[in-house]
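As provided, coords-v8.cif (mmCIF, C-alpha atoms) reads as follows.
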data_final
#
loop_
_atom_site.label_atom_id
_atom_site.label_comp_id
_atom_site.auth_asym_id
_atom_site.auth_seq_id
_atom_site.Cartn_x
_atom_site.Cartn_y
_atom_site.Cartn_z
CA ASP I 1 -73.21 -42.08 -124.54
CA ALA I 2 -72.43 -44.62 -121.84
CA ARG I 3 -69.32 -45.91 -123.58
CA GLY I 4 -65.93 -44.98 -122.22
CA GLU I 5 -63.59 -42.64 -123.97
CA SER I 6 -60.18 -43.76 -125.26
CA ASP I 7 -57.76 -42.41 -127.82
CA ASP I 8 -57.12 -45.85 -129.28
CA GLY I 9 -60.73 -46.99 -129.68
CA VAL I 10 -60.08 -50.18 -127.69
CA GLY I 11 -62.25 -51.43 -124.83
CA VAL I 12 -63.42 -54.60 -123.09
CA VAL I 13 -66.91 -55.93 -123.82
CA ALA I 14 -68.85 -58.69 -122.08
CA THR I 15 -69.35 -61.68 -124.40
CA VAL I 16 -71.93 -63.34 -122.11
CA ASN I 17 -74.53 -62.09 -119.63
CA LEU I 18 -72.94 -61.36 -116.25
CA LYS I 19 -74.59 -61.30 -112.83
CA CYS I 20 -73.78 -58.68 -110.21
CA GLY I 21 -70.74 -59.84 -108.26
CA ASP I 22 -69.37 -62.12 -111.01
CA GLU I 23 -65.58 -62.04 -111.12
CA VAL I 24 -64.12 -60.91 -114.44
CA MET I 25 -60.62 -60.68 -115.93
CA PRO I 26 -58.96 -63.08 -113.47
CA CYS I 27 -55.36 -62.08 -112.76
CA SER I 28 -52.96 -64.87 -111.83
CA TRP I 29 -49.50 -63.37 -112.34
CA PRO I 30 -48.06 -61.25 -109.50
CA GLU I 31 -45.61 -59.43 -111.78
CA GLN I 32 -48.50 -57.65 -113.52
CA THR I 33 -50.15 -56.48 -110.30
CA GLY I 34 -47.17 -54.96 -108.56
CA ARG I 35 -47.22 -57.66 -105.89
CA SER I 36 -43.96 -59.12 -107.21
CA PRO I 37 -40.76 -57.19 -106.32
CA SER I 38 -39.45 -57.80 -109.85
CA GLY I 39 -42.62 -56.97 -111.76
CA LEU I 40 -43.69 -53.32 -111.42
CA CYS I 41 -42.54 -50.25 -109.56
CA ILE I 42 -43.92 -46.74 -109.12
CA VAL I 43 -41.81 -43.79 -110.26
CA THR I 44 -42.38 -40.07 -110.73
CA ASP I 45 -42.79 -38.26 -114.03
CA GLU I 46 -39.43 -36.60 -113.36
CA GLN I 47 -37.76 -40.00 -113.04
CA ILE I 48 -39.32 -41.12 -116.32
CA GLU I 49 -38.08 -37.99 -118.04
CA ALA I 50 -34.58 -38.47 -116.57
CA ALA I 51 -34.51 -42.02 -117.99
CA ASN I 52 -35.19 -40.67 -121.52
CA VAL I 53 -38.19 -42.95 -121.94
CA PRO I 54 -39.41 -42.79 -125.58
CA GLU I 55 -42.81 -41.17 -126.11
CA TRP I 56 -44.38 -44.37 -127.49
CA ILE I 57 -43.49 -46.21 -124.29
CA VAL I 58 -44.91 -43.38 -122.17
CA ARG I 59 -48.18 -43.66 -124.13
CA ASN I 60 -48.28 -47.39 -123.37
CA LEU I 61 -47.61 -46.76 -119.70
CA ARG I 62 -50.35 -44.14 -119.36
CA ARG I 63 -52.87 -46.41 -121.08
CA ARG I 64 -52.05 -49.70 -119.45
CA PHE I 65 -50.68 -49.22 -115.93
CA TYR I 66 -51.71 -47.45 -112.72
CA ASN I 67 -51.00 -43.75 -112.63
CA ASP I 68 -52.08 -40.77 -110.56
CA ARG I 69 -51.99 -37.47 -112.45
CA ARG I 70 -52.49 -35.49 -109.24
CA GLU I 71 -49.29 -36.84 -107.74
CA ASN I 72 -47.53 -37.25 -111.12
CA ILE I 73 -46.64 -40.88 -110.45
CA GLN I 74 -46.71 -43.85 -112.81
CA ALA I 75 -46.45 -47.63 -112.42
CA VAL I 76 -43.69 -48.93 -114.70
CA PRO I 77 -42.56 -52.49 -115.55
CA THR I 78 -39.07 -53.44 -114.46
CA SER I 79 -38.43 -55.64 -117.51
CA ALA I 80 -39.23 -55.71 -121.23
CA ARG I 81 -41.07 -59.02 -120.76
CA VAL I 82 -43.65 -57.53 -118.40
CA PHE I 83 -44.01 -54.44 -120.60
CA LEU I 84 -44.60 -56.48 -123.77
CA CYS I 85 -47.41 -58.57 -122.28
CA HIS I 86 -50.83 -56.94 -122.13
CA SER I 87 -53.84 -57.88 -120.02
CA MET I 88 -57.58 -57.27 -120.29
CA GLN I 89 -57.85 -54.98 -117.27
CA GLN I 90 -55.39 -52.56 -118.89
CA TYR I 91 -57.92 -51.82 -121.64
CA VAL I 92 -61.08 -51.28 -119.62
CA ASN I 93 -62.11 -47.67 -120.24
CA THR I 94 -63.35 -45.18 -117.66
CA ALA I 95 -67.05 -44.30 -117.64
CA ARG I 96 -68.07 -40.71 -118.32
CA ASP I 97 -70.14 -40.73 -115.14
CA SER I 98 -70.55 -43.06 -112.17
CA ALA I 99 -74.04 -44.14 -113.27
CA HIS I 100 -72.57 -46.08 -116.20
CA ALA I 101 -69.64 -47.68 -114.34
CA ASN I 102 -70.02 -51.44 -113.90
CA VAL I 103 -66.63 -52.80 -112.77
CA ILE I 104 -65.08 -52.61 -109.30
CA TYR I 105 -61.65 -53.65 -108.06
CA ASP I 106 -60.78 -55.09 -104.64
CA ALA I 107 -57.11 -54.30 -103.95
CA ASP I 108 -57.00 -56.66 -100.95
CA THR I 109 -57.87 -59.72 -103.04
CA ASP I 110 -56.63 -58.35 -106.39
CA ALA I 111 -59.98 -59.23 -107.96
CA TYR I 112 -62.21 -57.51 -110.50
CA SER I 113 -65.99 -58.01 -110.51
CA VAL I 114 -69.08 -56.43 -112.02
CA SER I 115 -71.08 -54.13 -109.74
CA CYS I 116 -74.41 -54.79 -111.50
CA ASP I 117 -75.93 -57.16 -114.04
CA VAL I 118 -74.23 -56.71 -117.42
CA ARG I 119 -75.68 -57.95 -120.70
CA ALA I 120 -73.60 -59.53 -123.43
CA GLY I 121 -72.28 -56.84 -125.77
CA VAL I 122 -72.11 -54.12 -123.08
CA GLU I 123 -68.74 -52.45 -122.49
CA LEU I 124 -67.10 -52.91 -119.09
CA LEU I 125 -66.27 -49.51 -117.55
CA TYR I 126 -64.34 -48.33 -114.51
CA PRO I 127 -65.78 -45.57 -112.25
CA PRO I 128 -64.68 -42.07 -113.37
CA ASP I 129 -62.99 -41.19 -110.08
CA CYS I 130 -60.72 -44.24 -109.88
CA GLY I 131 -60.29 -45.74 -113.36
CA ASP I 132 -56.53 -45.19 -113.51
CA THR I 133 -56.06 -46.69 -110.05
CA PHE I 134 -57.77 -49.92 -111.14
CA ARG I 135 -55.07 -50.70 -113.70
CA PRO I 136 -52.12 -52.97 -112.76
CA GLY I 137 -49.48 -51.51 -110.47
CA PHE I 138 -51.49 -49.93 -107.66
CA ALA I 139 -49.70 -52.08 -105.07
CA ALA I 140 -46.20 -51.65 -106.55
CA PRO I 141 -43.40 -50.15 -104.42
CA ARG I 142 -42.30 -46.53 -104.92
CA LEU I 143 -38.63 -46.04 -105.78
CA ASP I 144 -36.09 -43.35 -105.06
CA ASP I 145 -34.01 -41.85 -107.89
CA ARG I 146 -31.19 -44.39 -107.70
CA ALA I 147 -33.49 -47.42 -107.61
CA ALA I 148 -35.63 -45.95 -110.41
CA ARG I 149 -32.61 -45.63 -112.71
CA ALA I 150 -31.77 -49.30 -112.16
CA ALA I 151 -35.40 -50.47 -112.58
CA LEU I 152 -35.81 -48.59 -115.87
CA SER I 153 -32.51 -49.70 -117.41
CA TRP I 154 -34.28 -52.10 -119.82
CA ILE I 155 -35.78 -49.14 -121.68
CA ARG I 156 -32.41 -48.20 -123.18
CA ASP I 157 -32.40 -51.26 -125.43
CA ILE I 158 -36.06 -51.91 -126.16
CA GLY I 159 -36.28 -49.37 -128.98
CA ARG I 160 -33.43 -51.04 -130.86
CA GLN I 161 -34.84 -54.55 -130.49
CA TYR I 162 -38.63 -54.33 -130.45
CA ALA I 163 -41.04 -52.66 -132.85
CA PRO I 164 -42.81 -49.62 -131.31
CA THR I 165 -46.44 -50.73 -131.18
CA LEU I 166 -49.83 -50.01 -129.63
CA LEU I 167 -53.11 -51.90 -129.70
CA ALA I 168 -55.76 -49.81 -131.43
CA ALA I 169 -59.05 -50.06 -133.29
CA SER I 170 -58.55 -51.65 -136.71
CA GLU I 171 -60.36 -50.98 -139.97
CA LEU I 172 -59.63 -54.58 -140.95
CA HIS I 173 -60.92 -56.50 -137.94
CA GLY I 174 -61.81 -55.19 -134.48
CA VAL I 175 -58.49 -54.57 -132.79
CA GLY I 176 -55.08 -54.56 -134.42
CA LEU I 177 -51.44 -53.73 -133.85
CA VAL I 178 -50.33 -50.29 -135.06
CA ALA I 179 -46.97 -48.54 -135.26
CA ALA I 180 -46.55 -46.21 -132.28
CA ALA I 181 -43.67 -44.37 -133.96
CA ARG I 182 -42.14 -44.16 -137.42
CA ILE I 183 -40.35 -47.34 -138.53
CA ALA I 184 -37.73 -47.01 -141.27
CA ARG I 185 -37.40 -49.35 -144.24
CA LYS I 186 -34.91 -52.18 -143.70
CA SER I 187 -35.40 -52.09 -139.93
CA ARG I 188 -35.39 -55.56 -138.38
CA LEU I 189 -37.41 -55.55 -135.18
CA GLU I 190 -39.09 -58.15 -133.00
CA VAL I 191 -42.64 -58.62 -131.76
CA SER I 192 -43.47 -60.77 -128.74
CA VAL I 193 -45.03 -63.99 -130.06
CA ASN I 194 -46.89 -65.57 -127.15
CA GLN I 195 -46.80 -66.86 -123.61
CA MET I 196 -44.35 -69.66 -124.37
CA GLN I 197 -41.39 -67.33 -123.93
CA GLU I 198 -42.69 -66.56 -120.44
CA GLN I 199 -42.62 -70.26 -119.63
CA GLU I 200 -38.95 -70.38 -120.56
CA GLU I 201 -38.15 -67.46 -118.29
CA THR I 202 -40.48 -68.09 -115.35
CA GLY I 203 -41.27 -71.81 -115.50
CA GLU I 204 -45.01 -71.07 -115.35
CA LYS I 205 -47.17 -72.91 -117.87
CA ARG I 206 -49.86 -70.67 -119.36
CA VAL I 207 -50.38 -72.47 -122.69
CA GLY I 208 -50.51 -76.09 -123.83
CA THR I 209 -51.25 -78.13 -126.96
CA VAL I 210 -54.31 -80.39 -127.01
CA ARG I 211 -56.16 -82.39 -129.68
CA HIS I 212 -59.29 -80.74 -131.09
CA ASP I 213 -61.53 -83.62 -129.97
CA LEU I 214 -60.41 -83.26 -126.34
CA VAL I 215 -61.07 -79.52 -126.41
CA ASN I 216 -64.52 -80.04 -127.91
CA GLU I 217 -65.30 -82.69 -125.29
CA LYS I 218 -64.30 -80.30 -122.49
CA LEU I 219 -66.38 -77.45 -123.94
CA ALA I 220 -69.49 -79.55 -124.69
CA SER I 221 -71.03 -78.87 -121.29
CA LEU I 222 -70.87 -75.09 -121.80
CA GLY I 223 -73.53 -74.97 -124.52
CA ASP I 224 -73.24 -73.94 -128.15
CA ASP I 225 -73.01 -70.16 -127.58
CA MET I 226 -70.25 -70.31 -124.98
CA ARG I 227 -68.39 -72.97 -126.94
CA ARG I 228 -68.39 -70.72 -130.01
CA ILE I 229 -67.21 -67.71 -128.00
CA VAL I 230 -64.31 -69.62 -126.44
CA LEU I 231 -63.22 -71.21 -129.73
CA ASP I 232 -63.41 -67.90 -131.60
CA GLU I 233 -61.17 -66.25 -129.00
CA VAL I 234 -58.69 -69.13 -128.94
CA HIS I 235 -58.52 -69.33 -132.75
CA ARG I 236 -58.01 -65.57 -132.94
CA ARG I 237 -54.99 -65.52 -130.64
CA PHE I 238 -53.41 -68.99 -130.45
CA GLY I 239 -51.94 -71.44 -132.98
CA PHE I 240 -53.74 -74.47 -134.35
CA ASP I 241 -53.56 -77.02 -137.15
CA GLY I 242 -55.86 -79.79 -138.39
CA VAL I 243 -55.27 -81.96 -135.32
CA HIS I 244 -54.13 -79.79 -132.38
CA MET I 245 -54.91 -76.47 -130.76
CA THR I 246 -52.62 -74.33 -128.64
CA ILE I 247 -54.85 -73.35 -125.73
CA PRO I 248 -54.42 -71.03 -122.74
CA LEU I 249 -54.21 -72.60 -119.30
CA VAL I 250 -55.21 -70.86 -116.06
CA GLY I 251 -54.39 -67.15 -116.37
CA GLY I 252 -53.37 -67.45 -120.02
CA LEU I 253 -56.56 -66.28 -121.72
CA ASN I 254 -56.49 -62.96 -119.91
CA ARG I 255 -52.93 -62.27 -121.05
CA ILE I 256 -52.61 -60.67 -124.50
CA VAL I 257 -49.42 -60.67 -126.56
CA PRO I 258 -48.97 -58.16 -129.42
CA ALA I 259 -48.40 -60.69 -132.23
CA GLN I 260 -51.72 -62.35 -131.43
CA MET I 261 -53.58 -59.23 -132.55
CA MET I 262 -51.99 -58.80 -135.98
CA ASN I 263 -54.60 -58.90 -138.73
CA HIS I 264 -54.35 -60.40 -142.21
CA GLU I 265 -53.45 -58.37 -145.28
CA THR I 266 -52.13 -59.62 -148.62
CA SER I 267 -49.41 -56.94 -148.83
CA PRO I 268 -48.03 -56.36 -145.31
CA PRO I 269 -45.26 -53.78 -144.79
CA MET I 270 -42.75 -56.40 -143.64
CA THR I 271 -41.61 -60.00 -144.01
CA SER I 272 -41.35 -62.24 -140.97
CA LYS I 273 -39.08 -64.86 -139.47
CA VAL I 274 -39.77 -67.01 -136.40
CA ASP I 275 -36.98 -67.82 -133.96
CA TYR I 276 -38.05 -71.19 -132.57
CA VAL I 277 -35.38 -71.22 -129.87
CA ARG I 278 -36.03 -67.77 -128.40
CA ALA I 279 -39.80 -67.79 -129.06
CA ARG I 280 -39.66 -64.52 -130.97
CA MET I 281 -40.95 -63.27 -134.30
CA SER I 282 -38.76 -60.76 -136.11
CA PHE I 283 -39.83 -58.52 -139.00
CA LEU I 284 -37.80 -56.98 -141.80
CA PHE I 285 -39.67 -53.87 -142.87
CA THR I 286 -39.80 -53.59 -146.65
CA ARG I 287 -41.06 -50.00 -146.68
CA ASP I 288 -41.23 -47.00 -144.39
CA VAL I 289 -44.11 -47.18 -141.91
CA SER I 290 -45.61 -44.01 -140.47
CA GLU I 291 -46.91 -43.68 -136.92
CA GLY I 292 -50.49 -44.96 -136.68
CA VAL I 293 -50.24 -47.41 -139.61
CA GLU I 294 -51.51 -50.91 -138.81
CA LEU I 295 -48.92 -53.71 -138.84
CA THR I 296 -50.33 -56.74 -140.61
CA GLU I 297 -49.24 -60.20 -141.73
CA ASN I 298 -50.17 -62.42 -144.64
CA TYR I 299 -51.75 -65.45 -142.96
CA GLU I 300 -51.72 -67.47 -146.18
CA LYS I 301 -48.15 -66.86 -147.40
CA GLU I 302 -45.87 -65.41 -144.78
CA THR I 303 -46.29 -65.76 -141.05
CA SER I 304 -49.08 -68.23 -140.47
CA PRO I 305 -47.46 -71.54 -141.53
CA GLU I 306 -44.28 -70.86 -139.53
CA TYR I 307 -46.12 -69.47 -136.53
CA PHE I 308 -48.63 -72.30 -136.33
CA ARG I 309 -45.95 -74.96 -136.81
CA TRP I 310 -43.85 -73.38 -134.10
CA ALA I 311 -46.83 -73.09 -131.77
CA ILE I 312 -47.72 -76.77 -132.20
CA GLU I 313 -44.27 -78.38 -132.28
CA GLY I 314 -42.75 -76.00 -129.77
CA GLY I 315 -45.68 -76.03 -127.37
CA PRO I 316 -45.44 -77.52 -123.88
CA ASP I 317 -47.23 -80.65 -122.80
CA PRO I 318 -50.92 -80.02 -122.00
CA LEU I 319 -50.43 -79.86 -118.24
CA GLY I 320 -52.43 -77.78 -115.81
CA LYS I 321 -56.09 -76.87 -115.68
CA MET I 322 -57.94 -75.99 -118.89
#
How would this structure read if it were set down as structure tokens?
Amino acid sequence: DARGESDDGVGVVATVNLKCGDEVMPCSWPEQTGRSPSGLCIVTDEQIEAANVPEWIVRNLRRRFYNDRRENIQAVPTSARVFLCHSMQQYVNTARDSAHANVIYDADTDAYSVSCDVRAGVELLYPPDCGDTFRPGFAAPRLDDRAARAALSWIRDIGRQYAPTLLAASELHGVGLVAAARIARKSRLEVSVNQMQEQEETGEKRVGTVRHDLVNEKLASLGDDMRRIVLDEVHRRFGFDGVHMTIPLVGGLNRIVPAQMMNHETSPPMTSKVDYVRARMSFLFTRDVSEGVELTENYEKETSPEYFRWAIEGGPDPLGKM
């Protein structure tokens, strides 16, 4: 009964025991908080409607970014890149009552922390009276009609280039990527691959490639349980081969990219192709896909070899803190 409610069945759960006051979900990119002029803005529902924003994008916005239903305002990304990258704090659910809330947000320092001791396996929950205000975008500037039209111009093209997707509970494995709208057979659409494309556009390093033995050496001091948790998460979302791992640097682990959450299936509804130059993965859909159907990949035959090879050979030097 203490668990939060969400339409998609997705939430954030502690993987280790947390002490009251421990910081969680560190945020290190200003464009996702609204503290960057080019990252997020706040617009009205009327401005969203005037921009002809597709319903699947509106659903993403309501779930993932700050909004206030009393004032009918919504935080909105000002670029497709910011929209396509997800973060942990966007998926923390709101508690049904204040007694079960365990996460607080300090807008002055842009930091999230737990308000009580939290055991491993317990869901992190926002207070019921301010859950939506804790999501990214609270500090973003409000725009007038003219500025809103310019800030939302990227939405006109996203539906023709990118697959309409949502993160949702998966029957295959935990969380997966599902179609947020109908996708027609023979459609060729892209899915954001990982943080490397951000490096090309922003110059910020959030991933690097490192030999397995160096990673294991670094993690040895954490103990067996924490080492397993970290490696499981990295293996789930980043590329690796027999020698190297692609690992997140500071701020990278908290950032989620849609393609990282695609689960394995032997007969996926599409075939894939990786663009090594643009750091994109495109899919040719071989059958019609209905809204709500999970988008999968065949790790053994289709995507995995290309994706892992690209992640290793195309990865940046292992610079920065690990």
Once 3 Å is added on each side, what centre and edge lengths in Å to one decimal does the axis-aligned box around all listed atoms of segment 280-296 of chain I have, as JSON?
{"center_x": -44.7, "center_y": -54.1, "center_z": -138.8, "size_x": 19.7, "size_y": 26.8, "size_z": 21.7}
Selection under test: the PyMOL selection byres ((chain I and resi 113-120) around 8); residues as a list in words: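 This file gives the following for the PyMOL selection byres ((chain I and resi 113-120) around 8): Val13, Ala14, Thr15, Val16, Asn17, Leu18, Lys19, Cys20, Gly21, Asp22, Glu23, Val24, Asn102, Val103, Ile104, Tyr105, Ala111, Tyr112, Gly121 and Val122 of chain I.
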How about saving the chosen residues, C-alpha atoms kept, as a compact mmCIF listing (two decimals), in the frame of the given file?
# COMPACT_ATOMS: atom_id res chain seq x y z
CA VAL I 13 -66.91 -55.93 -123.82
CA ALA I 14 -68.85 -58.69 -122.08
CA THR I 15 -69.35 -61.68 -124.40
CA VAL I 16 -71.93 -63.34 -122.11
CA ASN I 17 -74.53 -62.09 -119.63
CA LEU I 18 -72.94 -61.36 -116.25
CA LYS I 19 -74.59 -61.30 -112.83
CA CYS I 20 -73.78 -58.68 -110.21
CA GLY I 21 -70.74 -59.84 -108.26
CA ASP I 22 -69.37 -62.12 -111.01
CA GLU I 23 -65.58 -62.04 -111.12
CA VAL I 24 -64.12 -60.91 -114.44
CA ASN I 102 -70.02 -51.44 -113.90
CA VAL I 103 -66.63 -52.80 -112.77
CA ILE I 104 -65.08 -52.61 -109.30
CA TYR I 105 -61.65 -53.65 -108.06
CA ALA I 111 -59.98 -59.23 -107.96
CA TYR I 112 -62.21 -57.51 -110.50
CA GLY I 121 -72.28 -56.84 -125.77
CA VAL I 122 -72.11 -54.12 -123.08
Ground truth for the PyMOL selection byres ((chain I and resi 40) around 7), written as a count of residues only: 13
Coordinates-based distance that separates atom CA of Gly159 of chain I from atom CA of His264 of chain I (Å, one decimal):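 Atom CA of His264 of chain I sits 25.0 Å away from atom CA of Gly159 of chain I.
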Distance query segment 215-219 of chain I at most 12 Å, only C-alpha atoms, self and fewer than 3 positions along chain excluded, as a list in words: Gly208, Thr209, Val210, Arg211, His212, Leu222, Gly223, Asp224, Asp225, Met226, Arg227, Arg228, Ile229, Val230, Leu231, Val234, Phe240, Val243, His244, Met245, Thr246, Ile247, Pro248, Pro318, Lys321 and Met322 of chain I
Explicit residue set for the PyMOL selection byres ((chain I and resi 82-98) around 6), as a list in words: Gly4, Gly11, Val12, Arg64, Pro77, Ser79, Ala80, Arg81, Ala99, His100, Ala101, Leu125, Tyr126, Pro127, Pro128, Gly131, Arg135, Asn254, Arg255, Ile256 and Val257 of chain I
Atom CA of Met262 of chain I to atom CA of Glu297 of chain I, distance in Å rounded to a single decimal: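 We find that atom CA of Met262 of chain I and atom CA of Glu297 of chain I lie 6.5 Å from each other.
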Interatomic distance (Å, one decimal) between atom CA of Glu71 of chain I and atom CA of Asp45 of chain I: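 Going from atom CA of Glu71 of chain I over to atom CA of Asp45 of chain I covers 9.2 Å.
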Close residues, segment 148-151 of chain I itself excluded, 7 Å, only C-alpha atoms, min 5 positions apart in chain, as a list in words: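 Within the cut-off, the hits are Val43, Gln47, Ala51, Thr78 and Leu143 of chain I.
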Contacts of Thr286 of chain I within 6 Å, all atoms listed in the file, excl. fewer than 5 positions in-chain, as a PyMOL selection string: chain I and resi 185-186+269-270
Would you pick out the contacts of Leu167 of chain I at 9 Å or less, using all atoms listed in the file, so that residues sharing its chain but fewer than 6 positions from it are not included, and give the list as a PDB file with C-alpha atoms, in the frame of the given file?
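Contents of out_31.pdb, as written:
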ATOM      1  CA  ASP I   8     -57.120 -45.850-129.280  1.00  0.00           C
ATOM      2  CA  VAL I  10     -60.080 -50.180-127.690  1.00  0.00           C
ATOM      3  CA  VAL I 175     -58.490 -54.570-132.790  1.00  0.00           C
ATOM      4  CA  GLY I 176     -55.080 -54.560-134.420  1.00  0.00           C
ATOM      5  CA  LEU I 177     -51.440 -53.730-133.850  1.00  0.00           C
ATOM      6  CA  VAL I 178     -50.330 -50.290-135.060  1.00  0.00           C
ATOM      7  CA  ALA I 179     -46.970 -48.540-135.260  1.00  0.00           C
ATOM      8  CA  PRO I 258     -48.970 -58.160-129.420  1.00  0.00           C
ATOM      9  CA  MET I 261     -53.580 -59.230-132.550  1.00  0.00           C
TER      10      MET I 261
END
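Closest approach to Gly174 of chain I among I:Arg63, I:Phe283, I:Asn263, I:Asp106 is made by I:Asn263 (distances from only C-alpha atoms).
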Counting only C-alpha atoms, the option among I:Ala139, I:Ala259, I:Leu284, I:Ile183 closest to Asp110 of chain I: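 Of I:Ala139, I:Ala259, I:Leu284, I:Ile183, the one nearest Asp110 of chain I is I:Ala139, counting only C-alpha atoms.
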Complete segment 14-36 of chain I with N, CA and C atoms (output as a PDB file, keeping the file's coordinate frame).
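Contents of part.pdb, as written:
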ATOM      1  N   ALA I  14     -68.372 -57.393-122.562  1.00  0.00           N
ATOM      2  CA  ALA I  14     -68.850 -58.690-122.080  1.00  0.00           C
ATOM      3  C   ALA I  14     -69.324 -59.528-123.257  1.00  0.00           C
ATOM      4  N   THR I  15     -68.899 -60.794-123.319  1.00  0.00           N
ATOM      5  CA  THR I  15     -69.350 -61.680-124.400  1.00  0.00           C
ATOM      6  C   THR I  15     -70.484 -62.591-123.951  1.00  0.00           C
ATOM      7  N   VAL I  16     -70.786 -62.603-122.651  1.00  0.00           N
ATOM      8  CA  VAL I  16     -71.930 -63.340-122.110  1.00  0.00           C
ATOM      9  C   VAL I  16     -72.612 -62.453-121.084  1.00  0.00           C
ATOM     10  N   ASN I  17     -73.832 -62.823-120.689  1.00  0.00           N
ATOM     11  CA  ASN I  17     -74.530 -62.090-119.630  1.00  0.00           C
ATOM     12  C   ASN I  17     -73.827 -62.336-118.294  1.00  0.00           C
ATOM     13  N   LEU I  18     -73.609 -61.260-117.537  1.00  0.00           N
ATOM     14  CA  LEU I  18     -72.940 -61.360-116.250  1.00  0.00           C
ATOM     15  C   LEU I  18     -73.892 -60.936-115.130  1.00  0.00           C
ATOM     16  N   LYS I  19     -73.797 -61.634-114.006  1.00  0.00           N
ATOM     17  CA  LYS I  19     -74.590 -61.300-112.830  1.00  0.00           C
ATOM     18  C   LYS I  19     -73.770 -60.414-111.889  1.00  0.00           C
ATOM     19  N   CYS I  20     -74.450 -59.548-111.165  1.00  0.00           N
ATOM     20  CA  CYS I  20     -73.780 -58.680-110.210  1.00  0.00           C
ATOM     21  C   CYS I  20     -72.915 -59.506-109.257  1.00  0.00           C
ATOM     22  N   GLY I  21     -71.660 -59.115-109.119  1.00  0.00           N
ATOM     23  CA  GLY I  21     -70.740 -59.840-108.260  1.00  0.00           C
ATOM     24  C   GLY I  21     -69.877 -60.847-108.981  1.00  0.00           C
ATOM     25  N   ASP I  22     -70.189 -61.167-110.251  1.00  0.00           N
ATOM     26  CA  ASP I  22     -69.370 -62.120-111.010  1.00  0.00           C
ATOM     27  C   ASP I  22     -67.950 -61.578-111.158  1.00  0.00           C
ATOM     28  N   GLU I  23     -66.965 -62.437-110.924  1.00  0.00           N
ATOM     29  CA  GLU I  23     -65.580 -62.040-111.120  1.00  0.00           C
ATOM     30  C   GLU I  23     -65.261 -62.022-112.615  1.00  0.00           C
ATOM     31  N   VAL I  24     -64.514 -61.032-113.040  1.00  0.00           N
ATOM     32  CA  VAL I  24     -64.120 -60.910-114.440  1.00  0.00           C
ATOM     33  C   VAL I  24     -62.617 -60.659-114.519  1.00  0.00           C
ATOM     34  N   MET I  25     -62.034 -60.947-115.662  1.00  0.00           N
ATOM     35  CA  MET I  25     -60.620 -60.680-115.930  1.00  0.00           C
ATOM     36  C   MET I  25     -59.722 -61.219-114.825  1.00  0.00           C
ATOM     37  N   PRO I  26     -59.781 -62.529-114.553  1.00  0.00           N
ATOM     38  CA  PRO I  26     -58.960 -63.080-113.470  1.00  0.00           C
ATOM     39  C   PRO I  26     -57.478 -62.810-113.701  1.00  0.00           C
ATOM     40  N   CYS I  27     -56.786 -62.412-112.673  1.00  0.00           N
ATOM     41  CA  CYS I  27     -55.360 -62.080-112.760  1.00  0.00           C
ATOM     42  C   CYS I  27     -54.590 -63.103-111.939  1.00  0.00           C
ATOM     43  N   SER I  28     -53.665 -63.810-112.552  1.00  0.00           N
ATOM     44  CA  SER I  28     -52.960 -64.870-111.830  1.00  0.00           C
ATOM     45  C   SER I  28     -51.452 -64.740-111.964  1.00  0.00           C
ATOM     46  N   TRP I  29     -50.958 -63.546-112.248  1.00  0.00           N
ATOM     47  CA  TRP I  29     -49.500 -63.370-112.340  1.00  0.00           C
ATOM     48  C   TRP I  29     -49.114 -62.156-111.503  1.00  0.00           C
ATOM     49  N   PRO I  30     -48.384 -62.352-110.423  1.00  0.00           N
ATOM     50  CA  PRO I  30     -48.060 -61.250-109.500  1.00  0.00           C
ATOM     51  C   PRO I  30     -47.238 -60.147-110.142  1.00  0.00           C
ATOM     52  N   GLU I  31     -46.452 -60.478-111.192  1.00  0.00           N
ATOM     53  CA  GLU I  31     -45.610 -59.430-111.780  1.00  0.00           C
ATOM     54  C   GLU I  31     -46.425 -58.357-112.480  1.00  0.00           C
ATOM     55  N   GLN I  32     -47.677 -58.650-112.851  1.00  0.00           N
ATOM     56  CA  GLN I  32     -48.500 -57.650-113.520  1.00  0.00           C
ATOM     57  C   GLN I  32     -49.357 -56.858-112.540  1.00  0.00           C
ATOM     58  N   THR I  33     -49.333 -57.199-111.278  1.00  0.00           N
ATOM     59  CA  THR I  33     -50.150 -56.480-110.300  1.00  0.00           C
ATOM     60  C   THR I  33     -49.322 -55.530-109.440  1.00  0.00           C
ATOM     61  N   GLY I  34     -48.015 -55.745-109.445  1.00  0.00           N
ATOM     62  CA  GLY I  34     -47.170 -54.960-108.560  1.00  0.00           C
ATOM     63  C   GLY I  34     -46.916 -55.680-107.250  1.00  0.00           C
ATOM     64  N   ARG I  35     -47.430 -56.898-107.117  1.00  0.00           N
ATOM     65  CA  ARG I  35     -47.220 -57.660-105.890  1.00  0.00           C
ATOM     66  C   ARG I  35     -45.929 -58.489-105.954  1.00  0.00           C
ATOM     67  N   SER I  36     -45.267 -58.469-107.085  1.00  0.00           N
ATOM     68  CA  SER I  36     -43.960 -59.120-107.210  1.00  0.00           C
ATOM     69  C   SER I  36     -42.877 -58.049-107.201  1.00  0.00           C
TER      70      SER I  36
END
